[in-house]
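Asker: What follows is the file work-v9.cif, containing mmCIF, C-alpha atoms:
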```cif
data_model
#
loop_
_atom_site.label_atom_id
_atom_site.label_comp_id
_atom_site.auth_asym_id
_atom_site.auth_seq_id
_atom_site.Cartn_x
_atom_site.Cartn_y
_atom_site.Cartn_z
CA MET Q 1 14.27 -70.89 80.11
CA MET Q 2 16.98 -73.05 78.59
CA THR Q 3 19.34 -71.51 76.07
CA ARG Q 4 19.38 -72.93 72.59
CA ARG Q 5 22.69 -74.66 73.34
CA GLU Q 6 21.31 -76.27 76.50
CA LEU Q 7 18.25 -77.29 74.62
CA LEU Q 8 20.30 -78.94 71.90
CA ALA Q 9 22.46 -80.63 74.52
CA SER Q 10 19.39 -82.02 76.21
CA PHE Q 11 18.16 -83.31 72.88
CA ALA Q 12 21.51 -85.02 72.36
CA CYS Q 13 21.20 -86.68 75.77
CA MET Q 14 17.74 -87.85 75.00
CA ALA Q 15 18.98 -89.25 71.71
CA LEU Q 16 21.47 -91.40 73.62
CA ALA Q 17 18.60 -92.95 75.50
CA SER Q 18 16.60 -93.40 72.37
CA SER Q 19 17.39 -97.02 71.78
CA VAL Q 20 15.36 -97.75 74.90
CA VAL Q 21 12.55 -95.21 74.62
CA GLY Q 22 10.14 -94.86 71.75
CA GLU Q 23 9.18 -98.34 70.75
CA GLY Q 24 6.13 -98.47 72.99
CA GLN Q 25 4.90 -94.91 72.36
CA PRO Q 26 2.51 -94.78 69.44
CA MET Q 27 2.48 -91.82 67.09
CA GLU Q 28 -0.95 -90.39 66.48
CA GLN Q 29 -2.27 -91.66 63.18
CA ARG Q 30 -2.22 -88.41 61.21
CA ILE Q 31 -0.49 -86.70 58.29
CA SER Q 32 -0.51 -82.93 58.77
CA ILE Q 33 1.31 -81.75 55.66
CA VAL Q 34 2.25 -83.33 52.34
CA THR Q 35 5.04 -81.37 50.67
CA LEU Q 36 6.20 -81.89 47.11
CA GLY Q 37 9.63 -80.61 46.12
CA VAL Q 38 9.24 -78.71 42.85
CA LYS Q 39 11.73 -77.32 40.37
CA ASN Q 40 10.03 -74.05 39.50
CA LEU Q 41 7.46 -72.56 41.87
CA ALA Q 42 5.92 -70.26 39.26
CA VAL Q 43 5.31 -73.19 36.91
CA SER Q 44 3.80 -75.28 39.71
CA ARG Q 45 1.69 -72.33 40.80
CA ARG Q 46 0.24 -72.02 37.30
CA PHE Q 47 -0.65 -75.69 37.32
CA TYR Q 48 -2.31 -75.86 40.74
CA VAL Q 49 -3.69 -72.33 41.13
CA ASP Q 50 -4.57 -71.28 37.59
CA GLY Q 51 -5.12 -74.81 36.24
CA LEU Q 52 -6.85 -76.70 39.05
CA GLY Q 53 -8.29 -73.60 40.69
CA TRP Q 54 -6.76 -74.21 44.12
CA LYS Q 55 -6.41 -71.21 46.44
CA PRO Q 56 -3.19 -70.75 48.44
CA VAL Q 57 -3.54 -69.88 52.09
CA TYR Q 58 0.06 -68.65 52.22
CA GLU Q 59 2.80 -68.16 49.65
CA ASP Q 60 6.23 -66.63 49.35
CA LYS Q 61 9.14 -67.13 46.96
CA GLU Q 62 10.03 -70.58 48.29
CA ILE Q 63 6.79 -72.24 49.32
CA ILE Q 64 3.05 -72.28 48.68
CA PHE Q 65 0.62 -73.71 51.24
CA PHE Q 66 -2.89 -74.91 50.42
CA GLN Q 67 -5.41 -75.80 53.09
CA THR Q 68 -6.81 -79.19 52.02
CA GLY Q 69 -9.48 -80.14 54.52
CA GLY Q 70 -7.89 -80.79 57.91
CA MET Q 71 -4.42 -81.02 56.42
CA VAL Q 72 -2.07 -78.88 54.37
CA PHE Q 73 -0.61 -79.45 50.91
CA ALA Q 74 2.63 -77.62 50.14
CA LEU Q 75 4.78 -76.94 47.10
CA PHE Q 76 8.34 -76.18 48.13
CA LEU Q 77 11.38 -75.44 45.98
CA ARG Q 78 13.11 -78.80 45.86
CA ASP Q 79 16.57 -77.50 46.76
CA LYS Q 80 15.11 -75.78 49.82
CA LEU Q 81 13.25 -78.93 50.77
CA ALA Q 82 16.46 -80.95 50.45
CA GLU Q 83 18.26 -78.42 52.66
CA ASP Q 84 15.45 -78.55 55.17
CA PHE Q 85 15.89 -82.21 55.92
CA SER Q 86 19.59 -82.62 55.50
CA GLY Q 87 21.00 -83.44 58.88
CA GLU Q 88 24.52 -84.26 59.93
CA SER Q 89 24.75 -86.56 56.95
CA ARG Q 90 24.41 -85.22 53.45
CA HIS Q 91 23.77 -88.57 51.81
CA VAL Q 92 20.07 -87.82 51.84
CA ARG Q 93 20.64 -85.55 48.86
CA THR Q 94 21.28 -88.55 46.71
CA ARG Q 95 17.91 -90.11 47.45
CA PRO Q 96 15.62 -89.21 44.59
CA HIS Q 97 12.33 -89.72 46.41
CA GLY Q 98 13.64 -88.61 49.79
CA THR Q 99 14.41 -85.16 48.47
CA ARG Q 100 11.17 -84.68 46.60
CA LEU Q 101 8.57 -85.58 49.16
CA GLN Q 102 7.97 -84.84 52.77
CA CYS Q 103 5.14 -86.06 54.94
CA SER Q 104 4.86 -84.01 58.09
CA HIS Q 105 3.31 -84.98 61.38
CA GLN Q 106 2.51 -82.03 63.60
CA GLU Q 107 2.69 -82.65 67.31
CA ARG Q 108 0.05 -81.27 69.67
CA SER Q 109 2.65 -79.45 71.76
CA GLY Q 110 6.31 -78.57 71.60
CA PRO Q 111 9.17 -79.09 71.65
CA VAL Q 112 9.54 -82.15 69.45
CA ASP Q 113 10.76 -85.07 71.51
CA GLU Q 114 14.02 -86.31 69.98
CA ALA Q 115 13.93 -89.31 72.28
CA ARG Q 116 10.89 -90.64 70.49
CA TRP Q 117 12.05 -90.01 66.95
CA GLY Q 118 15.84 -89.89 66.97
CA ARG Q 119 16.39 -93.61 66.70
CA ARG Q 120 14.51 -93.69 63.41
CA ARG Q 121 16.35 -90.65 62.07
CA ASN Q 122 18.53 -92.58 59.64
CA GLY Q 123 20.81 -89.67 58.76
CA LEU Q 124 18.10 -87.05 58.65
CA LYS Q 125 18.00 -83.88 60.75
CA SER Q 126 17.58 -84.25 64.48
CA ALA Q 127 14.84 -82.36 66.27
CA ALA Q 128 15.72 -78.73 66.92
CA GLN Q 129 14.29 -75.25 67.05
CA ALA Q 130 13.33 -74.07 63.57
CA THR Q 131 13.82 -70.65 62.01
CA TRP Q 132 10.05 -70.31 61.65
CA GLY Q 133 9.52 -70.38 65.39
CA GLY Q 134 8.65 -73.98 66.18
CA TYR Q 135 10.48 -77.31 66.34
CA SER Q 136 11.25 -79.74 63.60
CA GLY Q 137 13.01 -83.07 63.23
CA TYR Q 138 12.98 -85.89 60.72
CA PHE Q 139 12.90 -89.62 60.54
CA ALA Q 140 13.01 -91.91 57.51
CA ASP Q 141 10.94 -94.97 56.75
CA PRO Q 142 12.51 -98.19 55.39
CA ASP Q 143 12.26 -96.91 51.79
CA GLY Q 144 13.87 -93.59 52.67
CA PHE Q 145 10.67 -91.56 52.65
CA ALA Q 146 11.20 -88.56 54.90
CA TRP Q 147 8.79 -87.79 57.71
CA GLU Q 148 9.02 -84.53 59.56
CA VAL Q 149 7.84 -84.40 63.14
CA ALA Q 150 7.14 -80.78 63.92
CA TRP Q 151 5.37 -78.39 66.17
CA ASN Q 152 4.24 -75.00 64.90
CA PRO Q 153 2.81 -72.74 67.61
CA ASN Q 154 1.33 -70.44 64.95
CA TRP Q 155 -0.88 -73.10 63.41
CA ARG Q 156 -4.19 -74.05 64.98
CA MET Q 157 -4.87 -77.69 65.76
CA THR Q 158 -8.39 -78.89 66.53
CA PRO Q 159 -9.00 -81.75 68.99
CA ASP Q 160 -9.33 -84.27 66.14
CA GLY Q 161 -5.77 -83.41 65.03
CA SER Q 162 -6.73 -81.31 61.99
CA ILE Q 163 -4.45 -78.35 61.41
CA HIS Q 164 -5.44 -74.98 60.06
CA ILE Q 165 -3.16 -72.25 58.72
CA PRO Q 166 -4.45 -68.86 59.75
CA ALA Q 167 -5.45 -66.46 56.96
CA PRO Q 168 -4.80 -63.92 55.48
CA ASN Q 169 -3.24 -65.04 52.26
CA LYS Q 170 0.02 -63.27 51.53
CA LYS Q 171 0.85 -62.98 47.86
CA SER Q 172 4.46 -62.79 46.83
CA SER Q 173 4.10 -61.49 43.28
CA MET R 1 -25.89 -100.02 30.53
CA MET R 2 -22.88 -99.33 28.35
CA THR R 3 -20.39 -102.11 27.76
CA ARG R 4 -16.84 -101.55 28.88
CA ARG R 5 -15.80 -101.03 25.26
CA GLU R 6 -18.51 -98.39 24.73
CA LEU R 7 -17.55 -96.74 27.96
CA LEU R 8 -13.92 -96.56 26.93
CA ALA R 9 -14.92 -95.24 23.50
CA SER R 10 -16.97 -92.51 25.12
CA PHE R 11 -14.02 -91.61 27.32
CA ALA R 12 -11.85 -91.41 24.21
CA CYS R 13 -14.36 -89.04 22.59
CA MET R 14 -14.42 -86.89 25.67
CA ALA R 15 -10.64 -86.82 25.64
CA LEU R 16 -10.72 -85.35 22.15
CA ALA R 17 -12.77 -82.47 23.48
CA SER R 18 -10.48 -82.04 26.44
CA SER R 19 -8.45 -79.17 25.07
CA VAL R 20 -11.59 -77.06 25.32
CA VAL R 21 -13.16 -78.33 28.53
CA GLY R 22 -11.50 -78.43 31.92
CA GLU R 23 -9.64 -75.18 32.34
CA GLY R 24 -12.55 -73.36 33.94
CA GLN R 25 -13.65 -76.19 36.21
CA PRO R 26 -11.89 -76.12 39.56
CA MET R 27 -10.94 -79.33 41.32
CA GLU R 28 -12.05 -79.47 44.95
CA GLN R 29 -9.12 -78.65 47.18
CA ARG R 30 -8.62 -82.06 48.78
CA ILE R 31 -6.16 -84.96 48.96
CA SER R 32 -8.00 -88.20 49.68
CA ILE R 33 -5.15 -90.71 49.71
CA VAL R 34 -1.37 -90.46 49.93
CA THR R 35 0.26 -93.66 48.70
CA LEU R 36 3.93 -94.49 49.08
CA GLY R 37 5.40 -97.17 46.83
CA VAL R 38 7.43 -99.52 49.02
CA LYS R 39 9.87 -102.29 48.25
CA ASN R 40 8.86 -104.79 50.91
CA LEU R 41 5.42 -104.57 52.49
CA ALA R 42 6.33 -106.71 55.51
CA VAL R 43 9.29 -104.44 56.32
CA SER R 44 7.14 -101.32 55.93
CA ARG R 45 4.41 -102.89 58.03
CA ARG R 46 6.88 -103.51 60.86
CA PHE R 47 7.92 -99.88 60.72
CA TYR R 48 4.49 -98.25 60.65
CA VAL R 49 2.40 -100.80 62.56
CA ASP R 50 4.81 -102.29 65.09
CA GLY R 51 7.11 -99.24 65.29
CA LEU R 52 4.81 -96.21 65.13
CA GLY R 53 1.78 -98.07 66.43
CA TRP R 54 -0.49 -97.26 63.50
CA LYS R 55 -3.51 -99.51 62.95
CA PRO R 56 -4.38 -100.64 59.40
CA VAL R 57 -8.01 -100.39 58.37
CA TYR R 58 -7.42 -102.80 55.47
CA GLU R 59 -4.49 -104.87 54.30
CA ASP R 60 -3.69 -107.61 51.83
CA LYS R 61 -0.48 -108.85 50.19
CA GLU R 62 -0.07 -105.76 48.01
CA ILE R 63 -1.40 -102.82 49.99
CA ILE R 64 -2.02 -101.52 53.50
CA PHE R 65 -4.50 -98.71 54.17
CA PHE R 66 -4.46 -96.53 57.29
CA GLN R 67 -7.29 -94.14 58.13
CA THR R 68 -5.53 -90.85 58.98
CA GLY R 69 -8.21 -88.39 59.97
CA GLY R 70 -10.40 -87.57 56.99
CA MET R 71 -7.91 -89.02 54.57
CA VAL R 72 -6.17 -92.33 53.92
CA PHE R 73 -2.48 -93.21 53.99
CA ALA R 74 -1.43 -96.24 51.94
CA LEU R 75 1.65 -98.39 51.53
CA PHE R 76 1.60 -100.17 48.17
CA LEU R 77 4.19 -102.48 46.63
CA ARG R 78 6.08 -100.14 44.35
CA ASP R 79 5.92 -102.38 41.29
CA LYS R 80 2.16 -102.62 41.66
CA LEU R 81 1.89 -98.86 42.09
CA ALA R 82 3.95 -98.33 38.94
CA GLU R 83 1.67 -100.73 37.05
CA ASP R 84 -1.36 -98.93 38.41
CA PHE R 85 -0.50 -95.64 36.81
CA SER R 86 1.19 -96.76 33.65
CA GLY R 87 -1.02 -95.74 30.79
CA GLU R 88 -0.46 -96.10 27.07
CA SER R 89 3.07 -94.85 27.57
CA ARG R 90 5.56 -96.76 29.68
CA HIS R 91 8.01 -93.91 30.11
CA VAL R 92 6.50 -93.20 33.51
CA ARG R 93 8.48 -96.15 34.85
CA THR R 94 11.65 -94.20 34.46
CA ARG R 95 10.47 -91.36 36.69
CA PRO R 96 11.88 -92.02 40.14
CA HIS R 97 9.41 -89.93 42.10
CA GLY R 98 6.50 -90.59 39.78
CA THR R 99 6.62 -94.29 40.53
CA ARG R 100 7.01 -93.98 44.28
CA LEU R 101 4.29 -91.58 45.27
CA GLN R 102 0.67 -91.13 44.40
CA CYS R 103 -1.68 -88.45 45.63
CA SER R 104 -5.27 -89.41 45.03
CA HIS R 105 -8.27 -87.15 44.74
CA GLN R 106 -11.57 -88.96 45.21
CA GLU R 107 -14.51 -87.55 43.31
CA ARG R 108 -17.92 -87.24 44.94
CA SER R 109 -19.58 -89.31 42.23
CA GLY R 110 -18.56 -91.50 39.33
CA PRO R 111 -17.53 -92.12 36.68
CA VAL R 112 -14.35 -90.04 36.57
CA ASP R 113 -14.67 -87.40 33.88
CA GLU R 114 -11.84 -87.88 31.40
CA ALA R 115 -12.78 -84.61 29.73
CA ARG R 116 -11.70 -82.72 32.83
CA TRP R 117 -8.46 -84.56 33.46
CA GLY R 118 -7.31 -86.07 30.17
CA ARG R 119 -5.50 -83.01 28.91
CA ARG R 120 -3.21 -83.04 31.94
CA ARG R 121 -2.58 -86.76 31.66
CA ASN R 122 0.96 -86.50 30.35
CA GLY R 123 1.41 -90.16 29.47
CA LEU R 124 -0.36 -91.50 32.51
CA LYS R 125 -3.40 -93.77 32.48
CA SER R 126 -6.66 -92.38 31.15
CA ALA R 127 -9.79 -92.61 33.26
CA ALA R 128 -11.42 -96.02 33.11
CA GLN R 129 -13.28 -98.56 35.16
CA ALA R 130 -11.00 -100.12 37.77
CA THR R 131 -10.78 -103.74 38.83
CA TRP R 132 -11.79 -102.74 42.36
CA GLY R 133 -15.21 -101.56 41.20
CA GLY R 134 -14.80 -97.81 40.74
CA TYR R 135 -13.14 -95.48 38.26
CA SER R 136 -9.58 -94.27 38.17
CA GLY R 137 -7.47 -92.02 35.96
CA TYR R 138 -4.24 -90.10 36.37
CA PHE R 139 -2.72 -86.77 35.61
CA ALA R 140 0.78 -85.50 36.24
CA ASP R 141 1.93 -82.17 37.60
CA PRO R 142 4.83 -80.23 36.03
CA ASP R 143 7.39 -82.17 38.11
CA GLY R 144 5.91 -85.51 37.13
CA PHE R 145 4.16 -86.15 40.44
CA ALA R 146 1.26 -88.48 39.76
CA TRP R 147 -2.26 -87.58 40.84
CA GLU R 148 -5.02 -90.12 40.66
CA VAL R 149 -8.56 -88.93 40.18
CA ALA R 150 -10.80 -91.72 41.34
CA TRP R 151 -14.24 -92.64 42.52
CA ASN R 152 -14.73 -95.57 44.87
CA PRO R 153 -18.39 -96.38 45.51
CA ASN R 154 -17.41 -98.54 48.50
CA TRP R 155 -15.79 -95.72 50.44
CA ARG R 156 -17.89 -93.26 52.41
CA MET R 157 -17.43 -89.55 51.79
CA THR R 158 -18.78 -86.98 54.22
CA PRO R 159 -20.07 -83.59 53.00
CA ASP R 160 -16.74 -81.91 53.88
CA GLY R 161 -14.96 -84.28 51.46
CA SER R 162 -13.39 -86.52 54.11
CA ILE R 163 -13.25 -90.18 53.12
CA HIS R 164 -13.65 -93.16 55.38
CA ILE R 165 -12.78 -96.76 54.64
CA PRO R 166 -15.35 -99.09 56.15
CA ALA R 167 -14.12 -101.56 58.77
CA PRO R 168 -13.56 -104.42 59.47
CA ASN R 169 -9.83 -104.83 59.13
CA LYS R 170 -8.86 -107.84 57.04
CA LYS R 171 -5.53 -109.34 57.98
CA SER R 172 -3.52 -111.09 55.35
CA SER R 173 -1.14 -113.08 57.53
#
```
Would you mind writing the structure in this file as structure tokens?
Answerer:
Amino acid sequence: MMTRRELLASFACMALASSVVGEGQPMEQRISIVTLGVKNLAVSRRFYVDGLGWKPVYEDKEIIFFQTGGMVFALFLRDKLAEDFSGESRHVRTRPHGTRLQCSHQERSGPVDEARWGRRRNGLKSAAQATWGGYSGYFADPDGFAWEVAWNPNWRMTPDGSIHIPAPNKKSS
Amino acid sequence: MMTRRELLASFACMALASSVVGEGQPMEQRISIVTLGVKNLAVSRRFYVDGLGWKPVYEDKEIIFFQTGGMVFALFLRDKLAEDFSGESRHVRTRPHGTRLQCSHQERSGPVDEARWGRRRNGLKSAAQATWGGYSGYFADPDGFAWEVAWNPNWRMTPDGSIHIPAPNKKSS
């Protein structure tokens, strides 16, 4: 087992090689999670849960997850979302759409390979172990839209790439 | 057959009743299309197609569609996207995230029922026949994120709500 420091160091090394690697390795054509950064979670909850009738599969004080077919739709406090993808550079905070939306691509296995994604990072957070037990890194598209590349060992992925959050639903209020 | 004018008039009537109808009718828990508004389609194409290796299922000079599992990911010129969801009110243009992102929910059958969605419209376009042959209307969530409710008779929907754009791929260049 590598320590966290060793792991991060190895990511950094891989990042150095990233201008060579990556171009020829396609990313599976999937979106696993669409996350909207919202101002007030209770207000958003009323709209989506009470208004549209959607049922959360998980919720706490910062985030609400909905299972939407083979993908997940999330409402996340926008300040927390902005924190989540701020990397070494903080300039991402000034991007209005970059801090409000996240598309996430879940990998089939971990850890997330910084060599593949680092060169597209564009100031966003490099791949590293996440507090929730998996790995997460970001890249940005030419318009600054943030893509997370993540691996969550607690979520089930079917062979077709669909992801499923395990029940039960945990209510925060 | 109703004329377009009659159809619009009937939508307007339904909209008047919309403060009563709608609250108790849940919306199926699905996202059919995620559309990002992009500045330069050729630049975005290079990133997603040449860089990530994603294969378009349809593309023209304004939009590129990718089949991503049971849903669709789209890159759309941002000015065209803004036009698409501007309704009677033009104030939507000033919303930075509202004009860059669209989540679309495809209905199982048409036309789109303005009575269900009109009351949440919030300045966005009311449901009406679309130039591409189906129906499309918009509502906005509390943060101004734009949701399209649409019905496209040319796209195939499976019983689980997945949508599939028919091949072949049409290249614009």
Asker: How far is it from CA of Gln102 (chain Q) to CA of Ile33 (chain Q), in Å with one decimal?
Answerer: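 Atom-to-atom, CA of Gln102 (chain Q) and CA of Ile33 (chain Q) are spaced 7.9 Å apart.
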Asker: Enumerate, as a list in words, the residues matched when the PyMOL selection byres ((chain R and resi 54) around 8) is run on the file above.
Answerer: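 When the PyMOL selection byres ((chain R and resi 54) around 8) is applied, the selected residues are Pro26, Met27, Glu28 and Gln29 of chain Q; Tyr48, Val49, Asp50, Leu52, Gly53, Lys55, Pro56 and Phe66 of chain R.
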Asker: In the coordinate frame of the file, compute which residues have an atom within 12 Å of (-6.4, -86.6, 44.6) when using all atoms listed in the file, and state them as a VMD selection string.
Answerer: (chain Q and resid 52 68 73) or (chain R and resid 27 to 35 71 to 72 101 to 108 112 117 136 to 141 145 to 151 161 to 163)
Asker: To one decimal in Å, tell me the separation between CA of Lys39 (chain Q) and CA of Leu77 (chain Q).
Answerer: 5.9 Å
Asker: R:Ile64, R:Ala127, R:Leu75, R:Ala167: which is nearest chain Q, counting only C-alpha atoms?
Answerer: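 Of R:Ile64, R:Ala127, R:Leu75, R:Ala167, the one nearest chain Q, counting only C-alpha atoms, is R:Leu75.
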Asker: Calculate how many Å separate CA of Gly70 (chain Q) from CA of His164 (chain Q), rounding to one decimal.
Answerer: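 Taking CA of Gly70 (chain Q) as the start and CA of His164 (chain Q) as the end point, the length is 6.7 Å.
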Asker: Go through R:Gly110, R:Pro159, R:Gly134, R:Pro153 one by one, measure the shortest atom-to-atom distance of each to chain Q using all atoms listed in the file, and give the residue with the smallest value.
Answerer: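 For chain Q, the nearest of the given residues is R:Pro159.
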Asker: Please identify all polymer residues within 9 Å of Asn154 (chain Q), counting all atoms listed in the file, omitting same-chain residues fewer than 4 positions from it, and present them as number ranges by chain.
Answerer: Q: 133-134, 165-166
Asker: On this file, the PyMOL selection byres ((chain Q and resi 81) around 10) gives some set of residues; write that set as a list in words.
Answerer: Thr35, Leu36, Gly37, Val38, Glu62, Ile63, Leu75, Phe76, Leu77, Arg78, Asp79, Lys80, Ala82, Glu83, Asp84, Phe85, Ser86, Gly98, Thr99, Arg100, Leu101 and Gln102 of chain Q
Asker: Of the candidates R:Leu124, R:Gly144, R:Ser109, R:Ala115, which one gets nearest to chain Q if we count all atoms listed in the file?
Answerer: R:Gly144
Asker: Using all atoms listed in the file for the distances, tell me which of Q:Asp143, Q:Glu114, Q:Asp160, Q:Glu59 is nearest to Leu41 (chain R).
Answerer: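 Smallest distance to Leu41 (chain R) is found for Q:Asp143.
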Asker: So, counting only C-alpha atoms, which residue among Q:Arg116, Q:Ser44, Q:Asn152, Q:Asp60 is closest to chain R?
Answerer: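 Of Q:Arg116, Q:Ser44, Q:Asn152, Q:Asp60, the one nearest chain R, counting only C-alpha atoms, is Q:Ser44.
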